[in-house]
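Source file: data08.txt. Holds: compact mmCIF, C-alpha atoms and all ligand atoms.
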```
# COMPACT_ATOMS: atom_id res chain seq x y z
CA MET A 22 77.49 91.69 125.04
CA LYS A 23 81.04 93.11 124.83
CA ALA A 24 81.26 96.84 124.18
CA GLY A 25 81.85 97.91 120.60
CA CYS A 26 84.45 100.43 119.60
CA VAL A 27 85.37 102.35 116.44
CA TYR A 28 88.99 102.92 115.45
CA LEU A 29 89.28 105.81 113.01
CA VAL A 30 92.46 104.90 111.17
CA GLY A 31 94.51 106.86 108.64
CA ALA A 32 95.72 104.63 105.79
CA GLY A 33 98.28 107.11 104.43
CA PRO A 34 98.50 108.20 100.79
CA GLY A 35 98.88 104.77 99.15
CA ASP A 36 102.17 102.99 99.79
CA PRO A 37 101.39 100.48 102.57
CA GLU A 38 104.91 100.95 103.93
CA LEU A 39 103.63 104.30 105.20
CA LEU A 40 101.05 102.75 107.56
CA THR A 41 101.73 103.34 111.24
CA LEU A 42 102.38 100.27 113.40
CA ARG A 43 99.13 100.96 115.25
CA ALA A 44 97.22 101.02 111.95
CA LEU A 45 98.81 97.76 110.82
CA ARG A 46 98.02 96.00 114.10
CA LEU A 47 94.40 97.13 114.00
CA LEU A 48 93.98 96.09 110.34
CA GLN A 49 95.29 92.63 111.18
CA GLN A 50 92.98 92.17 114.18
CA THR A 51 89.76 93.85 113.07
CA GLU A 52 86.39 92.10 112.74
CA VAL A 53 84.91 94.62 110.36
CA ILE A 54 86.36 97.38 108.24
CA VAL A 55 84.53 100.32 106.65
CA TYR A 56 86.77 101.91 104.02
CA ASP A 57 86.77 104.73 101.49
CA HIS A 58 87.57 104.85 97.79
CA LEU A 59 90.93 106.53 98.45
CA VAL A 60 92.36 103.60 100.44
CA SER A 61 94.83 101.82 98.18
CA PRO A 62 94.32 98.12 97.32
CA ALA A 63 97.86 97.44 98.61
CA VAL A 64 96.79 98.67 102.06
CA LEU A 65 93.66 96.51 101.98
CA ASP A 66 95.92 93.48 101.45
CA PHE A 67 96.88 93.83 105.12
CA VAL A 68 93.32 93.47 106.43
CA ALA A 69 92.66 90.29 108.45
CA PRO A 70 91.40 87.62 105.99
CA GLY A 71 88.21 86.91 107.93
CA ALA A 72 87.19 90.54 108.40
CA GLU A 73 83.93 91.80 106.92
CA ARG A 74 84.69 94.56 104.39
CA ILE A 75 82.22 97.39 103.80
CA TYR A 76 82.93 99.89 101.00
CA ALA A 77 81.69 103.39 101.83
CA GLY A 78 82.70 104.92 98.48
CA LYS A 79 83.26 108.69 98.43
CA ARG A 80 84.67 108.95 94.94
CA ARG A 81 84.05 112.45 93.52
CA ASN A 82 80.38 112.76 92.47
CA GLU A 83 79.80 109.12 93.42
CA HIS A 84 78.98 108.86 97.07
CA THR A 85 78.13 105.21 97.49
CA MET A 86 76.89 106.01 101.00
CA ARG A 87 75.87 109.47 102.17
CA GLN A 88 77.80 110.80 105.16
CA GLU A 89 74.77 110.35 107.46
CA GLN A 90 74.47 106.73 106.34
CA ILE A 91 78.13 106.11 107.16
CA ASN A 92 77.69 107.71 110.59
CA ALA A 93 74.62 105.57 111.26
CA LEU A 94 76.43 102.40 110.07
CA LEU A 95 79.34 103.01 112.47
CA VAL A 96 76.93 103.56 115.36
CA ARG A 97 74.98 100.41 114.47
CA LEU A 98 78.08 98.20 114.21
CA ALA A 99 79.51 99.46 117.50
CA ARG A 100 76.15 99.05 119.26
CA ALA A 101 76.16 95.42 118.10
CA GLY A 102 79.42 94.98 120.04
CA ARG A 103 81.72 94.94 116.98
CA GLN A 104 85.31 96.23 116.91
CA VAL A 105 85.26 98.40 113.81
CA VAL A 106 88.11 99.91 111.83
CA ARG A 107 86.97 102.99 109.93
CA LEU A 108 89.77 103.32 107.37
CA LYS A 109 90.36 106.55 105.48
CA GLY A 110 93.02 107.67 103.00
CA GLY A 111 95.79 109.88 104.36
CA ASP A 112 95.00 111.33 107.77
CA PRO A 113 91.37 111.15 108.91
CA PHE A 114 91.42 114.68 110.33
CA ILE A 115 92.79 116.39 107.21
CA PHE A 116 89.98 116.90 104.69
CA GLY A 117 88.72 113.48 105.69
CA ARG A 118 85.49 114.22 107.56
CA GLY A 119 86.85 112.16 110.43
CA GLY A 120 85.78 114.87 112.87
CA GLU A 121 82.13 114.59 111.80
CA GLU A 122 82.14 110.82 112.14
CA MET A 123 83.65 110.95 115.63
CA GLN A 124 81.13 113.64 116.65
CA ALA A 125 78.34 111.26 115.64
CA LEU A 126 79.88 108.50 117.79
CA ALA A 127 80.47 110.83 120.74
CA ALA A 128 76.83 111.93 120.58
CA GLU A 129 75.78 108.27 120.97
CA GLY A 130 78.27 107.56 123.77
CA ILE A 131 80.28 105.10 121.65
CA ALA A 132 83.97 104.55 122.42
CA PHE A 133 86.44 105.50 119.72
CA GLU A 134 90.14 105.99 119.09
CA VAL A 135 91.86 108.02 116.37
CA VAL A 136 94.98 106.68 114.66
CA PRO A 137 96.64 109.40 112.58
CA GLY A 138 97.91 108.66 109.10
CA ILE A 139 100.43 110.32 106.83
CA THR A 140 98.48 112.97 105.04
CA ALA A 141 98.88 113.37 101.27
CA ALA A 142 100.71 116.68 101.69
CA CYS A 143 103.50 114.97 103.65
CA GLY A 144 103.65 111.59 101.90
CA VAL A 145 103.17 112.78 98.34
CA SER A 146 105.56 115.72 98.61
CA SER A 147 108.26 113.45 100.10
CA TYR A 148 107.92 110.89 97.29
CA ALA A 149 107.96 113.73 94.74
CA GLY A 150 111.18 115.19 96.18
CA ILE A 151 109.53 118.49 97.12
CA PRO A 152 110.23 119.56 100.72
CA LEU A 153 107.29 121.65 101.92
CA THR A 154 109.50 124.00 103.90
CA HIS A 155 113.09 124.98 103.23
CA ARG A 156 115.20 127.71 104.81
CA ASP A 157 115.89 129.33 101.44
CA HIS A 158 112.37 129.11 100.02
CA ALA A 159 109.44 128.70 102.42
CA GLN A 160 108.95 129.33 106.13
CA SER A 161 105.30 128.32 106.25
CA CYS A 162 102.92 125.95 104.56
CA LEU A 163 99.19 126.21 103.93
CA PHE A 164 96.85 123.26 103.29
CA VAL A 165 93.66 124.15 101.40
CA THR A 166 90.96 122.35 99.47
CA GLY A 167 90.37 123.27 95.83
CA HIS A 168 87.02 121.49 95.68
CA LEU A 169 84.73 123.62 93.53
CA LYS A 170 81.59 124.95 95.14
CA ASP A 171 78.99 126.03 92.56
CA GLY A 172 81.67 125.97 89.84
CA SER A 173 84.13 128.33 91.56
CA ALA A 174 86.94 127.73 94.05
CA ASP A 175 86.08 129.98 96.98
CA LEU A 176 89.55 130.46 98.47
CA ASP A 177 91.48 133.13 100.34
CA TRP A 178 93.62 134.12 97.36
CA ASP A 179 95.44 136.90 99.24
CA ALA A 180 96.59 134.43 101.92
CA MET A 181 97.64 132.00 99.19
CA THR A 182 99.88 134.49 97.39
CA ARG A 183 102.01 135.49 100.40
CA PRO A 184 105.75 135.17 99.68
CA ARG A 185 108.06 132.50 101.16
CA GLN A 186 105.26 130.04 101.66
CA THR A 187 104.20 126.74 100.15
CA VAL A 188 100.54 126.07 99.38
CA VAL A 189 99.27 122.52 99.14
CA ILE A 190 95.92 122.12 97.43
CA TYR A 191 93.89 118.96 97.97
CA MET A 192 91.07 118.05 95.56
CA GLY A 193 92.14 120.78 93.15
CA LEU A 194 92.64 118.94 89.84
CA ASN A 195 89.37 120.07 88.24
CA ALA A 196 89.92 123.66 89.38
CA LEU A 197 93.59 123.85 88.33
CA GLY A 198 93.05 126.40 85.52
CA GLU A 199 90.90 128.62 87.74
CA ILE A 200 93.40 128.32 90.64
CA CYS A 201 96.35 129.40 88.45
CA ARG A 202 94.32 132.30 86.96
CA GLN A 203 93.27 133.55 90.40
CA LEU A 204 96.77 133.30 91.88
CA ILE A 205 98.15 135.40 88.99
CA ALA A 206 95.23 137.87 89.31
CA HIS A 207 96.08 138.23 93.02
CA GLY A 208 99.72 139.10 92.41
CA ALA A 209 101.64 135.84 91.91
CA ALA A 210 104.13 135.89 89.00
CA PRO A 211 103.06 133.80 85.99
CA THR A 212 106.47 132.12 86.33
CA HIS A 213 105.75 131.05 89.94
CA PRO A 214 106.51 127.31 90.33
CA ILE A 215 103.70 124.78 90.69
CA ALA A 216 103.51 120.99 90.50
CA VAL A 217 100.76 118.43 90.21
CA VAL A 218 101.45 114.96 91.60
CA GLN A 219 99.19 112.16 90.42
CA HIS A 220 98.81 108.96 92.49
CA GLY A 221 101.66 109.91 94.82
CA THR A 222 103.69 107.19 96.62
CA ILE A 223 102.46 104.32 94.42
CA ALA A 224 103.55 102.68 91.16
CA ASN A 225 101.79 105.10 88.81
CA GLN A 226 103.02 108.27 90.52
CA LYS A 227 103.54 111.05 88.01
CA VAL A 228 104.91 114.53 88.76
CA LEU A 229 104.38 117.45 86.40
CA ALA A 230 106.20 120.62 87.43
CA GLY A 231 105.97 123.97 85.69
CA THR A 232 104.66 127.48 86.19
CA LEU A 233 101.28 129.03 86.94
CA ALA A 234 101.16 130.11 83.28
CA ASP A 235 101.92 126.79 81.61
CA LEU A 236 100.96 123.94 83.93
CA PRO A 237 97.17 123.74 83.32
CA GLN A 238 97.67 123.06 79.59
CA ARG A 239 100.38 120.47 80.24
CA VAL A 240 98.23 118.70 82.82
CA ALA A 241 95.33 118.62 80.35
CA ARG A 242 97.63 117.16 77.65
CA HIS A 243 98.83 114.39 79.98
CA LYS A 244 95.25 113.57 81.05
CA LEU A 245 96.11 113.18 84.74
CA THR A 246 93.53 111.40 86.85
CA SER A 247 92.52 111.62 90.54
CA PRO A 248 93.86 111.64 93.13
CA CYS A 249 96.18 114.54 92.39
CA LEU A 250 97.84 116.94 94.79
CA ILE A 251 98.85 120.47 93.79
CA ILE A 252 101.93 122.10 95.34
CA VAL A 253 102.60 125.80 94.76
CA GLY A 254 105.78 127.59 95.74
CA GLU A 255 109.50 127.97 95.15
CA VAL A 256 110.16 124.59 96.77
CA VAL A 257 108.79 122.95 93.61
CA GLN A 258 112.06 123.86 91.86
CA LEU A 259 113.85 121.38 94.12
CA HIS A 260 112.02 118.47 92.49
CA ASP A 261 114.59 118.38 89.67
CA THR A 262 117.42 117.58 92.07
CA LEU A 263 115.56 115.77 94.87
CA ALA A 264 113.25 113.40 92.97
CA TRP A 265 114.17 109.91 94.19
CA PHE A 266 111.06 107.77 93.64
CA HIS A 267 110.93 106.47 90.06
CA PRO A 268 108.61 103.46 90.23
CA GLN A 269 108.14 103.21 86.45
CA THR A 270 111.85 103.12 85.58
CA ASP A 271 113.42 101.48 88.65
CA SER A 272 114.09 97.81 88.00
CA ALA A 273 115.44 97.02 91.50
CA PRO A 274 112.72 96.12 94.01
CA ARG A 275 112.60 98.27 97.14
CA LYS A 276 114.22 96.69 100.18
CA GLN A 277 111.58 95.42 102.59
CA PRO A 278 112.14 95.03 106.32
CA ALA A 279 112.41 91.35 107.27
CA ALA A 280 109.63 91.32 109.84
CA LEU A 281 107.39 93.84 111.53
CA GLN A 282 108.34 92.86 115.05
CA PRO A 283 110.19 94.81 117.69
CA VAL A 284 113.82 93.80 118.09
CA SER A 285 113.90 91.89 121.37
CA ALA A 286 116.30 92.98 124.10
C1 LIG A 301 89.08 113.88 100.38
S1 LIG A 301 90.77 114.36 100.36
C2 LIG A 301 91.37 113.28 101.60
C3 LIG A 301 92.69 113.68 102.13
C4 LIG A 301 93.26 112.68 103.14
N1 LIG A 301 92.45 112.64 104.34
C5 LIG A 301 94.70 112.98 103.50
O1 LIG A 301 95.00 113.32 104.65
O2 LIG A 301 95.54 112.86 102.59
C6 LIG A 301 91.30 113.60 98.85
C7 LIG A 301 92.44 114.38 98.18
O3 LIG A 301 93.69 114.09 98.80
C8 LIG A 301 94.72 114.15 97.83
N2 LIG A 301 95.39 112.84 97.76
C9 LIG A 301 95.18 111.80 98.59
N3 LIG A 301 96.00 110.77 98.29
C10 LIG A 301 96.75 111.18 97.25
C11 LIG A 301 97.78 110.58 96.47
N4 LIG A 301 98.21 109.32 96.71
N5 LIG A 301 98.33 111.29 95.46
C12 LIG A 301 97.93 112.54 95.21
N6 LIG A 301 96.96 113.16 95.90
C13 LIG A 301 96.38 112.51 96.91
C14 LIG A 301 94.06 114.49 96.50
O4 LIG A 301 94.10 115.90 96.35
C15 LIG A 301 92.65 114.00 96.74
O5 LIG A 301 91.73 114.64 95.88
```
Written as structure tokens, how would this file's structure read?
Amino acid sequence: MKAGCVYLVGAGPGDPELLTLRALRLLQQTEVIVYDHLVSPAVLDFVAPGAERIYAGKRRNEHTMRQEQINALLVRLARAGRQVVRLKGGDPFIFGRGGEEMQALAAEGIAFEVVPGITAACGVSSYAGIPLTHRDHAQSCLFVTGHLKDGSADLDWDAMTRPRQTVVIYMGLNALGEICRQLIAHGAAPTHPIAVVQHGTIANQKVLAGTLADLPQRVARHKLTSPCLIIVGEVVQLHDTLAWFHPQTDSAPRKQPAALQPVSA
């Protein structure tokens, strides 16, 4: 039997144009794909028509498969000699549990390869017109998760309120009010800029920008839904001038490259 292998592939934040060439090639050749809830339907359109598709879930509070079951499934498929694409939203090694899955494969002596993807912080901020660093505003950038543990976001608030820095918060929508309160309690000005970007890089992208004092109420009024990325820092002010992606108002279709083939010499 031929040896199986698992390709841990980052699908990017949603727009399929943000797939890497390696990801696209693997999607088009794979025999079986195991994918998460966060992978956009437009990305799945690029999967080889005959490939077996296995949904592993991972929506908040709705884990279709437990992590151990996913690990065991990948091991089983590879042991059966299958070439498996394990497809995850964004980058598999940024809040994606890709490390745990590869550890499980390594422990069983199964071959694997990791294909990075554009993480939400990079893709979503670009499409929102918010540069994460900028000489006048931020010299460093922090990625954190706002996922609530026992009802409270257990974060390093002092590190998050350092000046001249941008903080990107993944999985923070439900904790937004608590996050803004804690940042103010730890010294950030109530007027400090913050934005929430819903469904970044795809047709229903929505950006709400405001301050630590007013954004939670506005987000609640607009009833934003997951996935949402939170960006905190002076760079958020640049959104007004740098926003370029307006999928709901643009009538002109985006230019597509003619073919995904290298230009021959
Ligand atoms: C479990 S984490 C996975 C992150 C992923 N591995 C990455 O590198 O982007 C899921 C969180 O990523 C953020 N996210 C992913 N895609 C997004 C998108 N298109 N728009 C806004 N936020 C997104 C949200 O904060 C979401 O709750």
Per-residue nearest contacts of chain A to ligand LIG 301 (chain A) (6 Å; all atoms listed in the file) as JSON lines:
```
{"residue": "A:Pro34", "atom": "CA", "partner": "A:LIG301", "partner_atom": "N4", "distance": 4.2}
{"residue": "A:Gly35", "atom": "CA", "partner": "A:LIG301", "partner_atom": "N4", "distance": 5.2}
{"residue": "A:Gly110", "atom": "CA", "partner": "A:LIG301", "partner_atom": "C4", "distance": 5.0}
{"residue": "A:Gly111", "atom": "CA", "partner": "A:LIG301", "partner_atom": "C5", "distance": 3.4}
{"residue": "A:Asp112", "atom": "CA", "partner": "A:LIG301", "partner_atom": "O1", "distance": 3.7}
{"residue": "A:Pro113", "atom": "CA", "partner": "A:LIG301", "partner_atom": "N1", "distance": 4.9}
{"residue": "A:Ile115", "atom": "CA", "partner": "A:LIG301", "partner_atom": "O1", "distance": 4.6}
{"residue": "A:Phe116", "atom": "CA", "partner": "A:LIG301", "partner_atom": "C3", "distance": 4.9}
{"residue": "A:Gly117", "atom": "CA", "partner": "A:LIG301", "partner_atom": "N1", "distance": 4.1}
{"residue": "A:Thr140", "atom": "CA", "partner": "A:LIG301", "partner_atom": "O1", "distance": 3.5}
{"residue": "A:Ala141", "atom": "CA", "partner": "A:LIG301", "partner_atom": "O2", "distance": 3.6}
{"residue": "A:Val145", "atom": "CA", "partner": "A:LIG301", "partner_atom": "N5", "distance": 5.8}
{"residue": "A:Tyr191", "atom": "CA", "partner": "A:LIG301", "partner_atom": "O4", "distance": 3.5}
{"residue": "A:Met192", "atom": "CA", "partner": "A:LIG301", "partner_atom": "O5", "distance": 3.5}
{"residue": "A:Val218", "atom": "CA", "partner": "A:LIG301", "partner_atom": "C12", "distance": 5.6}
{"residue": "A:Gln219", "atom": "CA", "partner": "A:LIG301", "partner_atom": "C12", "distance": 5.0}
{"residue": "A:His220", "atom": "CA", "partner": "A:LIG301", "partner_atom": "N5", "distance": 3.8}
{"residue": "A:Gly221", "atom": "CA", "partner": "A:LIG301", "partner_atom": "N5", "distance": 3.7}
{"residue": "A:Thr222", "atom": "CA", "partner": "A:LIG301", "partner_atom": "N4", "distance": 5.9}
{"residue": "A:Pro248", "atom": "CA", "partner": "A:LIG301", "partner_atom": "C14", "distance": 4.4}
{"residue": "A:Cys249", "atom": "CA", "partner": "A:LIG301", "partner_atom": "N6", "distance": 3.9}
{"residue": "A:Leu250", "atom": "CA", "partner": "A:LIG301", "partner_atom": "N6", "distance": 4.0}
```
Store the residues picked out above in a file with C-alpha atoms, as a compact mmCIF listing (two decimals), in the frame of the given file.
```txt
# COMPACT_ATOMS: atom_id res chain seq x y z
CA PRO A 34 98.50 108.20 100.79
CA GLY A 35 98.88 104.77 99.15
CA GLY A 110 93.02 107.67 103.00
CA GLY A 111 95.79 109.88 104.36
CA ASP A 112 95.00 111.33 107.77
CA PRO A 113 91.37 111.15 108.91
CA ILE A 115 92.79 116.39 107.21
CA PHE A 116 89.98 116.90 104.69
CA GLY A 117 88.72 113.48 105.69
CA THR A 140 98.48 112.97 105.04
CA ALA A 141 98.88 113.37 101.27
CA VAL A 145 103.17 112.78 98.34
CA TYR A 191 93.89 118.96 97.97
CA MET A 192 91.07 118.05 95.56
CA VAL A 218 101.45 114.96 91.60
CA GLN A 219 99.19 112.16 90.42
CA HIS A 220 98.81 108.96 92.49
CA GLY A 221 101.66 109.91 94.82
CA THR A 222 103.69 107.19 96.62
CA PRO A 248 93.86 111.64 93.13
CA CYS A 249 96.18 114.54 92.39
CA LEU A 250 97.84 116.94 94.79
```
Item to check | Residue contacts of Tyr148 (chain A) (10 Å, all atoms listed in the file) excluding same-chain residues fewer than 4 positions away, as a PyMOL selection string | outcome: chain A and resi 143-144+152+218+221-223+226+228+260+263-267
Checklist entry - Do you have the CA of Gly33 (chain A)-CA of Val106 (chain A) distance handy? => result 14.5 Å
Checklist entry - Which of these residues is nearest to Ser146 (chain A), using all atoms listed in the file: A:Val189, A:Leu197, A:Leu45, A:Thr51? => result A:Val189
Checklist entry - Out of A:Glu199, A:Glu134, A:Asp271, A:Asp177, which residue has the shortest atom-to-atom distance to Arg43 (chain A) when counting only C-alpha atoms? => result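 Selected residue with least distance to Arg43 (chain A): A:Glu134.
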Next on the checklist: Using all atoms listed in the file, which protein or nucleic acid residues come within 9 Å of Thr232 (chain A)? Drop anything in the same chain fewer than 2 positions from it, and give the result as a list of chain:residue names.
Outcome noted: A:Cys201, A:Ala210, A:Pro211, A:Thr212, A:His213, A:Pro214, A:Ile215, A:Ala216, A:Ala230, A:Ala234, A:Asp235, A:Leu236, A:Pro237, A:Val253
Checklist entry - Counting all atoms listed in the file, which of A:Arg97, A:Leu59, A:Val30, A:Gln238 gets nearest to Gly119 (chain A)? => result A:Val30
Next on the checklist: Measuring between all atoms listed in the file, which one of A:Leu95, A:Val136, A:Gly25, A:Glu38 shows the shortest distance to Val55 (chain A)?
Outcome noted: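 With all atoms listed in the file as the atom set, the closest residue is A:Leu95.
Considering only C-alpha atoms, the residue among A:Leu229, A:Ala101, A:Ala142, A:Leu29 positioned nearest to Val165 (chain A) is A:Ala142.
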Checklist entry - At what distance in Å, to one decimal, does CA of Ala72 (chain A) lie from CA of Ile54 (chain A)? => result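 Taking CA of Ile54 (chain A) and CA of Ala72 (chain A), their separation equals 6.9 Å.
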Checklist entry - CA of Asp36 (chain A) to CA of Ser61 (chain A): how many Å, to one decimal? => result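 If I compute the distance from CA of Asp36 (chain A) to CA of Ser61 (chain A), I get 7.6 Å.
Considering the residues A:Leu233, A:Ala224, A:Ala77, A:Leu39 and counting all atoms listed in the file, Ala209 (chain A) has its shortest atom-to-atom contact with A:Leu233.
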Next on the checklist: Could you list, as a list in words, every residue within 12 Å of Leu176 (chain A), counting all atoms listed in the file and ignoring same-chain residues fewer than 3 positions away?
Outcome noted: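 Near Leu176 (chain A), the qualifying residues are Leu163, Phe164, Val165, Thr166, Gly167, His168, Leu169, Lys170, Ser173, Asp179, Ala180, Met181, Thr182, Val188, Ile190, Gly193, Ala196, Glu199, Ile200, Gln203, Leu204 and His207 of chain A.
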Next on the checklist: For region 131-133 of chain A, find every residue with an atom within 6 Å (counting all atoms listed in the file), except residues of its own chain fewer than 3 positions away, and show them as an MDAnalysis selection string.
Outcome noted: chainID A and resid 26:28 126:127
